[in-house]
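Q: To be precise about what I am sending: the file is called run_16.csv and holds CSV, C-alpha atoms.
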```
chain,number,residue,atom,x,y,z
A,1409,MET,CA,-8.0,-75.5,-14.4
A,1410,ALA,CA,-11.6,-76.8,-14.5
A,1411,GLN,CA,-14.4,-74.3,-14.6
A,1412,ASN,CA,-17.2,-74.4,-12.0
A,1413,ILE,CA,-19.8,-74.1,-14.8
A,1414,VAL,CA,-20.1,-76.2,-18.0
A,1415,ILE,CA,-22.5,-76.7,-20.8
A,1416,ALA,CA,-23.3,-80.4,-21.0
A,1417,ILE,CA,-24.6,-82.1,-24.1
A,1418,ASP,CA,-26.1,-85.5,-24.7
A,1419,PRO,CA,-25.7,-85.7,-28.5
A,1420,GLY,CA,-28.2,-87.6,-30.7
A,1421,ARG,CA,-29.1,-88.0,-34.3
A,1422,GLU,CA,-32.2,-85.9,-34.2
A,1423,LYS,CA,-32.2,-84.2,-30.8
A,1424,CYS,CA,-29.7,-83.3,-28.1
A,1425,GLY,CA,-30.1,-82.8,-24.4
A,1426,ILE,CA,-28.4,-79.6,-23.3
A,1427,ALA,CA,-27.8,-78.3,-19.7
A,1428,VAL,CA,-25.9,-75.5,-18.1
A,1429,VAL,CA,-24.7,-76.8,-14.8
A,1430,HIS,CA,-22.7,-75.2,-12.0
A,1431,LYS,CA,-20.5,-77.3,-9.8
A,1432,GLU,CA,-22.0,-76.0,-6.5
A,1433,GLN,CA,-25.3,-74.5,-7.5
A,1434,GLY,CA,-26.5,-77.4,-9.7
A,1435,VAL,CA,-28.7,-77.0,-12.8
A,1436,ILE,CA,-29.0,-73.5,-14.1
A,1437,TYR,CA,-30.8,-74.4,-17.4
A,1438,LYS,CA,-31.7,-77.6,-19.3
A,1439,THR,CA,-33.5,-78.2,-22.5
A,1440,ILE,CA,-33.8,-80.5,-25.5
A,1441,ALA,CA,-33.0,-79.1,-28.9
A,1442,ALA,CA,-32.8,-80.3,-32.5
A,1443,THR,CA,-29.4,-81.5,-33.4
A,1444,ALA,CA,-29.3,-79.1,-36.3
A,1445,ASP,CA,-29.7,-76.2,-33.8
A,1446,LEU,CA,-26.9,-77.4,-31.5
A,1447,PRO,CA,-24.1,-74.9,-32.5
A,1448,GLY,CA,-26.5,-71.9,-32.2
A,1449,VAL,CA,-27.9,-73.0,-28.9
A,1450,VAL,CA,-24.5,-73.7,-27.4
A,1451,THR,CA,-23.2,-70.3,-28.7
A,1452,ILE,CA,-26.1,-68.5,-27.0
A,1453,LEU,CA,-25.8,-70.4,-23.7
A,1454,ALA,CA,-22.0,-70.0,-23.6
A,1455,THR,CA,-22.3,-66.3,-24.3
A,1456,THR,CA,-25.2,-65.8,-21.8
A,1457,HIS,CA,-23.5,-67.7,-19.0
A,1458,ASN,CA,-19.9,-66.9,-19.9
A,1459,VAL,CA,-19.0,-70.6,-20.2
A,1460,PHE,CA,-15.8,-71.9,-22.0
A,1461,THR,CA,-16.2,-75.6,-21.4
A,1462,ALA,CA,-18.6,-78.0,-23.0
A,1463,VAL,CA,-18.8,-81.7,-21.9
A,1464,ILE,CA,-20.3,-84.1,-24.3
A,1465,GLY,CA,-21.4,-87.7,-24.1
A,1466,ASP,CA,-18.9,-90.1,-25.8
A,1467,ARG,CA,-21.3,-92.4,-27.6
A,1468,THR,CA,-24.0,-91.9,-30.3
A,1469,THR,CA,-23.0,-89.2,-32.8
A,1470,SER,CA,-20.4,-87.7,-30.4
A,1471,HIS,CA,-17.7,-87.1,-33.0
A,1472,THR,CA,-20.1,-85.4,-35.4
A,1473,ALA,CA,-21.5,-83.2,-32.6
A,1474,GLN,CA,-18.0,-82.3,-31.4
A,1475,ALA,CA,-17.1,-81.3,-35.0
A,1476,THR,CA,-20.0,-78.9,-35.2
A,1477,LEU,CA,-18.9,-77.2,-31.9
A,1478,THR,CA,-15.4,-76.7,-33.2
A,1479,GLY,CA,-14.6,-73.0,-33.5
A,1480,ILE,CA,-17.4,-71.6,-31.3
A,1481,LYS,CA,-16.0,-68.7,-29.4
A,1482,VAL,CA,-17.1,-66.7,-26.4
A,1483,ASN,CA,-15.5,-63.3,-25.9
A,1484,GLY,CA,-12.8,-64.4,-28.3
A,1485,GLN,CA,-12.0,-67.6,-26.5
A,1486,GLU,CA,-12.7,-70.9,-28.2
A,1487,ILE,CA,-14.9,-73.4,-26.2
A,1488,THR,CA,-13.1,-76.5,-25.0
A,1489,VAL,CA,-15.0,-79.7,-25.7
A,1490,ILE,CA,-14.4,-82.6,-23.4
A,1491,PRO,CA,-15.9,-86.1,-23.9
A,1492,VAL,CA,-17.5,-87.8,-20.9
A,1493,ASN,CA,-18.4,-91.4,-20.5
A,1494,GLU,CA,-22.1,-91.8,-21.0
A,1495,HIS,CA,-22.5,-95.5,-20.2
A,1496,ARG,CA,-26.0,-96.2,-18.7
A,1497,SER,CA,-26.7,-92.4,-18.4
A,1498,THR,CA,-30.1,-92.8,-19.9
A,1499,ASP,CA,-31.1,-95.4,-17.2
A,1500,GLU,CA,-29.9,-93.0,-14.6
A,1501,ALA,CA,-31.8,-90.1,-16.2
A,1502,ARG,CA,-35.0,-92.1,-16.2
A,1503,LYS,CA,-34.6,-92.7,-12.4
A,1504,ARG,CA,-33.9,-89.1,-11.8
A,1505,TYR,CA,-37.0,-88.1,-13.8
A,1506,TRP,CA,-39.2,-90.2,-11.6
A,1507,VAL,CA,-37.6,-88.7,-8.4
A,1508,GLU,CA,-38.4,-85.2,-9.7
A,1509,HIS,CA,-41.8,-86.1,-11.1
A,1510,PRO,CA,-43.3,-89.0,-9.0
A,1511,PRO,CA,-46.1,-90.9,-10.7
A,1512,LYS,CA,-49.6,-89.8,-9.6
A,1513,GLY,CA,-52.9,-91.6,-9.3
A,1514,ILE,CA,-53.0,-95.4,-9.9
A,1515,LYS,CA,-49.5,-95.2,-11.6
A,1516,ARG,CA,-47.9,-94.5,-8.2
A,1517,LEU,CA,-48.7,-98.1,-7.4
A,1518,LEU,CA,-46.5,-99.4,-10.2
A,1519,PRO,CA,-42.7,-99.4,-9.6
A,1520,THR,CA,-41.1,-96.7,-11.7
A,1521,THR,CA,-38.7,-99.3,-13.1
A,1522,MET,CA,-41.7,-100.6,-15.0
A,1523,GLN,CA,-42.7,-97.2,-16.3
A,1524,VAL,CA,-41.4,-95.0,-19.1
A,1525,PRO,CA,-41.2,-91.2,-18.7
A,1526,PRO,CA,-43.8,-89.5,-20.9
A,1527,GLY,CA,-41.2,-87.7,-22.9
A,1528,PRO,CA,-37.5,-87.8,-23.8
A,1529,VAL,CA,-35.0,-87.5,-20.9
A,1530,ASP,CA,-32.0,-86.2,-22.9
A,1531,ASP,CA,-31.8,-83.0,-20.8
A,1532,TYR,CA,-31.5,-85.2,-17.6
A,1533,VAL,CA,-28.7,-87.1,-19.3
A,1534,ALA,CA,-26.9,-83.9,-20.0
A,1535,VAL,CA,-27.1,-83.0,-16.3
A,1536,ILE,CA,-25.7,-86.4,-15.4
A,1537,LEU,CA,-22.8,-85.9,-17.8
A,1538,ALA,CA,-22.0,-82.6,-16.2
A,1539,GLU,CA,-22.0,-84.2,-12.7
A,1540,ARG,CA,-19.7,-87.0,-14.0
A,1541,TYR,CA,-17.4,-84.4,-15.3
A,1542,PHE,CA,-17.2,-82.6,-12.0
A,1543,VAL,CA,-16.7,-85.8,-10.0
A,1544,GLY,CA,-13.8,-86.7,-12.3
A,1545,ARG,CA,-12.1,-83.4,-11.7
```
Would you put the structure from the file into structure tokens?
A:
Amino acid sequence: MAQNIVIAIDPGREKCGIAVVHKEQGVIYKTIAATADLPGVVTILATTHNVFTAVIGDRTTSHTAQATLTGIKVNGQEITVIPVNEHRSTDEARKRYWVEHPPKGIKRLLPTTMQVPPGPVDDYVAVILAERYFVGR
């Protein structure tokens, strides 16, 4: 049985996008954290939100990140880690960023497809991975 709430992770070599997403309520929390901090951040979020499922992007450093999450327990129950296809999720995340933060001033005259968000969008990727997980269930 799939949970209605997951922790979603976009793993990277130096940083990870992390989001807590509810199937109906949407994004509860999202952040970008150092990859070295991933197990601690996931443990805190899983405990705080009583989450037992983590979905993780299946590409860059996914196997390494999955290994670091092995054995994390919440209330005595081990977290289940489920890989999700992250093909073109970064492109989708950039589009979502511009929907939530439309360009201002003269930049609004340029198509957002020609602009780069001012910071990383790994947290948006994590949200997209959670949404893909829910659609696939």
Q: If you measure from atom CA of Ile1464 of chain A to atom CA of Trp1506 of chain A, what distance in Å do you get, rounded to one decimal?
A: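 Computing it gives 23.6 Å between the two atoms.
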Q: Set the distance at 12 Å and use only C-alpha atoms: which residues neighbour Ile1536 of chain A once local chain neighbours fewer than 5 positions away are removed? I'd like the list as a PyMOL selection string.
A: chain A and resi 1414-1418+1425-1429+1431+1434-1435+1438+1463-1465+1492-1505+1529-1531+1541-1543
Q: So which one's closest to Tyr1437 of chain A, A:Gln1523, A:Val1535, A:Lys1481, A:Ser1470? Using only C-alpha atoms, please.
A: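 Among the listed residues, A:Val1535 lies closest to Tyr1437 of chain A.
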Q: Please measure the separation of atom CA of Ile1413 of chain A and atom CA of Thr1439 of chain A, giving the value in Å to one decimal.
A: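 According to the coordinates, atom CA of Ile1413 of chain A and atom CA of Thr1439 of chain A are separated by 16.2 Å.
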Q: Name the residues in contact with Pro1447 of chain A at a cut-off of 10 Å, using all atoms listed in the file, excluding same-chain residues fewer than 5 positions from it; report them as a list of chain:residue names.
A: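 That gives A:Ile1452, A:Ala1473, A:Gln1474, A:Ala1475, A:Thr1476, A:Leu1477, A:Thr1478, A:Gly1479, A:Ile1480.
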Q: Keeping only C-alpha atoms, write the selected residues as a PDB file, in the frame of the given file.
A:
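What follows is the written file out-v7.pdb:
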```pdb
ATOM      1  CA  ILE A1452     -26.100 -68.500 -27.000  1.00  0.00           C
ATOM      2  CA  ALA A1473     -21.500 -83.200 -32.600  1.00  0.00           C
ATOM      3  CA  GLN A1474     -18.000 -82.300 -31.400  1.00  0.00           C
ATOM      4  CA  ALA A1475     -17.100 -81.300 -35.000  1.00  0.00           C
ATOM      5  CA  THR A1476     -20.000 -78.900 -35.200  1.00  0.00           C
ATOM      6  CA  LEU A1477     -18.900 -77.200 -31.900  1.00  0.00           C
ATOM      7  CA  THR A1478     -15.400 -76.700 -33.200  1.00  0.00           C
ATOM      8  CA  GLY A1479     -14.600 -73.000 -33.500  1.00  0.00           C
ATOM      9  CA  ILE A1480     -17.400 -71.600 -31.300  1.00  0.00           C
TER      10      ILE A1480
END
```
Q: Identify which of the residues A:Asn1483, A:Lys1512, A:Arg1421, A:Glu1539 lies closest to Thr1455 of chain A, counting all atoms listed in the file when measuring atom-to-atom distances.
A: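 Residue with the minimum atom-to-atom distance to Thr1455 of chain A: A:Asn1483.
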Q: Between atom CA of Asn1412 of chain A and atom CA of Pro1528 of chain A, what is the distance in Å, rounded to a tenth?
A: 27.0 Å
Q: Hey, which of A:Ile1514, A:Leu1446, A:Val1459, A:Ala1441 ends up closest to Gln1485 of chain A? Count all atoms listed in the file.
A: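 Closest candidate: A:Val1459.
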Q: Quick one: residues within 8 Å of Ala1442 of chain A, only C-alpha atoms counted, chain neighbours fewer than 4 positions away excluded, as a VMD selection string?
A: chain A and resid 1422 to 1424 1446
Q: Out of A:Thr1456, A:Thr1521, A:Thr1461, A:Thr1468, which residue has the shortest atom-to-atom distance to Ile1436 of chain A when counting all atoms listed in the file?
A: A:Thr1456
Q: Which centre and which edge lengths, in Å to one decimal, describe the axis-aligned box that holds all listed atoms of segment 1453-1472 of chain A after 5 Å is added on each side, as AutoDock Vina command-line options?
A:
```
--center_x -20.8 --center_y -79.1 --center_z -27.2 --size_x 20.0 --size_y 36.6 --size_z 26.4
```
Q: Nearest residue to Ala1534 of chain A out of A:Asn1458, A:Pro1491, A:Ala1444, A:Val1482, using all atoms listed in the file?
A: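 For Ala1534 of chain A, the nearest of the candidates is A:Pro1491.
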Q: Looking at only C-alpha atoms, which of A:Val1449, A:Ala1454, A:Ala1462, A:Ile1440 is the one that sits closest to Leu1537 of chain A?
A: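 Closest residue, counting only C-alpha atoms: A:Ala1462.
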Q: Rebuild segment 1460-1471 of chain A so that it carries all heavy atoms, then output the result as a tab-separated table (two decimals), in the frame of the given file.
A:
```tsv
chain	number	residue	atom	x	y	z
A	1460	PHE	N	-16.88	-71.54	-20.99
A	1460	PHE	CA	-15.80	-71.90	-22.00
A	1460	PHE	C	-15.59	-73.36	-22.10
A	1460	PHE	O	-14.72	-73.77	-22.85
A	1460	PHE	CB	-14.54	-71.15	-21.61
A	1460	PHE	CG	-14.69	-69.66	-21.53
A	1460	PHE	CD1	-14.84	-69.03	-20.30
A	1460	PHE	CD2	-14.71	-68.89	-22.68
A	1460	PHE	CE1	-15.00	-67.65	-20.23
A	1460	PHE	CE2	-14.87	-67.52	-22.61
A	1460	PHE	CZ	-15.01	-66.89	-21.39
A	1461	THR	N	-16.34	-74.17	-21.35
A	1461	THR	CA	-16.20	-75.60	-21.40
A	1461	THR	C	-17.49	-76.30	-21.70
A	1461	THR	O	-18.50	-76.02	-21.07
A	1461	THR	CB	-15.64	-76.14	-20.02
A	1461	THR	OG1	-14.43	-75.46	-19.71
A	1461	THR	CG2	-15.38	-77.64	-20.07
A	1462	ALA	N	-17.44	-77.20	-22.68
A	1462	ALA	CA	-18.60	-78.00	-23.00
A	1462	ALA	C	-18.20	-79.48	-22.78
A	1462	ALA	O	-17.14	-79.91	-23.25
A	1462	ALA	CB	-19.05	-77.81	-24.45
A	1463	VAL	N	-19.02	-80.22	-22.04
A	1463	VAL	CA	-18.80	-81.70	-21.90
A	1463	VAL	C	-19.83	-82.36	-22.73
A	1463	VAL	O	-20.98	-81.91	-22.84
A	1463	VAL	CB	-18.84	-82.11	-20.41
A	1463	VAL	CG1	-17.72	-81.45	-19.61
A	1463	VAL	CG2	-20.17	-81.81	-19.76
A	1464	ILE	N	-19.42	-83.44	-23.37
A	1464	ILE	CA	-20.30	-84.10	-24.30
A	1464	ILE	C	-20.20	-85.61	-24.17
A	1464	ILE	O	-19.12	-86.15	-23.92
A	1464	ILE	CB	-19.94	-83.66	-25.77
A	1464	ILE	CG1	-20.96	-84.16	-26.78
A	1464	ILE	CG2	-18.53	-84.09	-26.15
A	1464	ILE	CD1	-20.85	-83.47	-28.14
A	1465	GLY	N	-21.35	-86.27	-24.24
A	1465	GLY	CA	-21.40	-87.70	-24.10
A	1465	GLY	C	-20.53	-88.34	-25.23
A	1465	GLY	O	-20.45	-87.83	-26.34
A	1466	ASP	N	-19.88	-89.46	-24.91
A	1466	ASP	CA	-18.90	-90.10	-25.80
A	1466	ASP	C	-19.44	-91.15	-26.72
A	1466	ASP	O	-18.68	-91.86	-27.35
A	1466	ASP	CB	-17.71	-90.59	-25.01
A	1466	ASP	CG	-18.10	-91.74	-24.08
A	1466	ASP	OD1	-19.31	-92.09	-23.99
A	1466	ASP	OD2	-17.20	-92.29	-23.43
A	1467	ARG	N	-20.74	-91.29	-26.83
A	1467	ARG	CA	-21.30	-92.40	-27.60
A	1467	ARG	C	-21.94	-91.88	-28.93
A	1467	ARG	O	-21.31	-91.25	-29.74
A	1467	ARG	CB	-22.27	-93.21	-26.80
A	1467	ARG	CG	-21.66	-93.80	-25.54
A	1467	ARG	CD	-21.18	-95.22	-25.75
A	1467	ARG	NE	-20.35	-95.68	-24.65
A	1467	ARG	CZ	-20.75	-96.46	-23.67
A	1467	ARG	NH1	-21.97	-96.89	-23.62
A	1467	ARG	NH2	-19.90	-96.82	-22.74
A	1468	THR	N	-23.22	-92.12	-29.08
A	1468	THR	CA	-24.00	-91.90	-30.30
A	1468	THR	C	-23.69	-90.46	-30.87
A	1468	THR	O	-23.90	-89.47	-30.18
A	1468	THR	CB	-25.48	-92.00	-30.07
A	1468	THR	OG1	-25.72	-93.23	-29.43
A	1468	THR	CG2	-26.25	-91.95	-31.38
A	1469	THR	N	-23.22	-90.39	-32.06
A	1469	THR	CA	-23.00	-89.20	-32.80
A	1469	THR	C	-22.06	-88.15	-32.13
A	1469	THR	O	-22.02	-86.98	-32.49
A	1469	THR	CB	-24.27	-88.45	-33.26
A	1469	THR	OG1	-24.90	-87.89	-32.11
A	1469	THR	CG2	-25.22	-89.39	-33.98
A	1470	SER	N	-21.29	-88.60	-31.15
A	1470	SER	CA	-20.40	-87.70	-30.40
A	1470	SER	C	-19.42	-86.98	-31.28
A	1470	SER	O	-19.24	-85.76	-31.18
A	1470	SER	CB	-19.71	-88.44	-29.28
A	1470	SER	OG	-18.89	-87.55	-28.55
A	1471	HIS	N	-18.75	-87.74	-32.16
A	1471	HIS	CA	-17.70	-87.10	-33.00
A	1471	HIS	C	-18.31	-86.07	-33.93
A	1471	HIS	O	-17.72	-85.01	-34.14
A	1471	HIS	CB	-16.95	-88.20	-33.79
A	1471	HIS	CG	-16.16	-89.10	-32.90
A	1471	HIS	ND1	-15.09	-88.65	-32.16
A	1471	HIS	CD2	-16.28	-90.42	-32.62
A	1471	HIS	CE1	-14.59	-89.65	-31.46
A	1471	HIS	NE2	-15.30	-90.73	-31.71
```
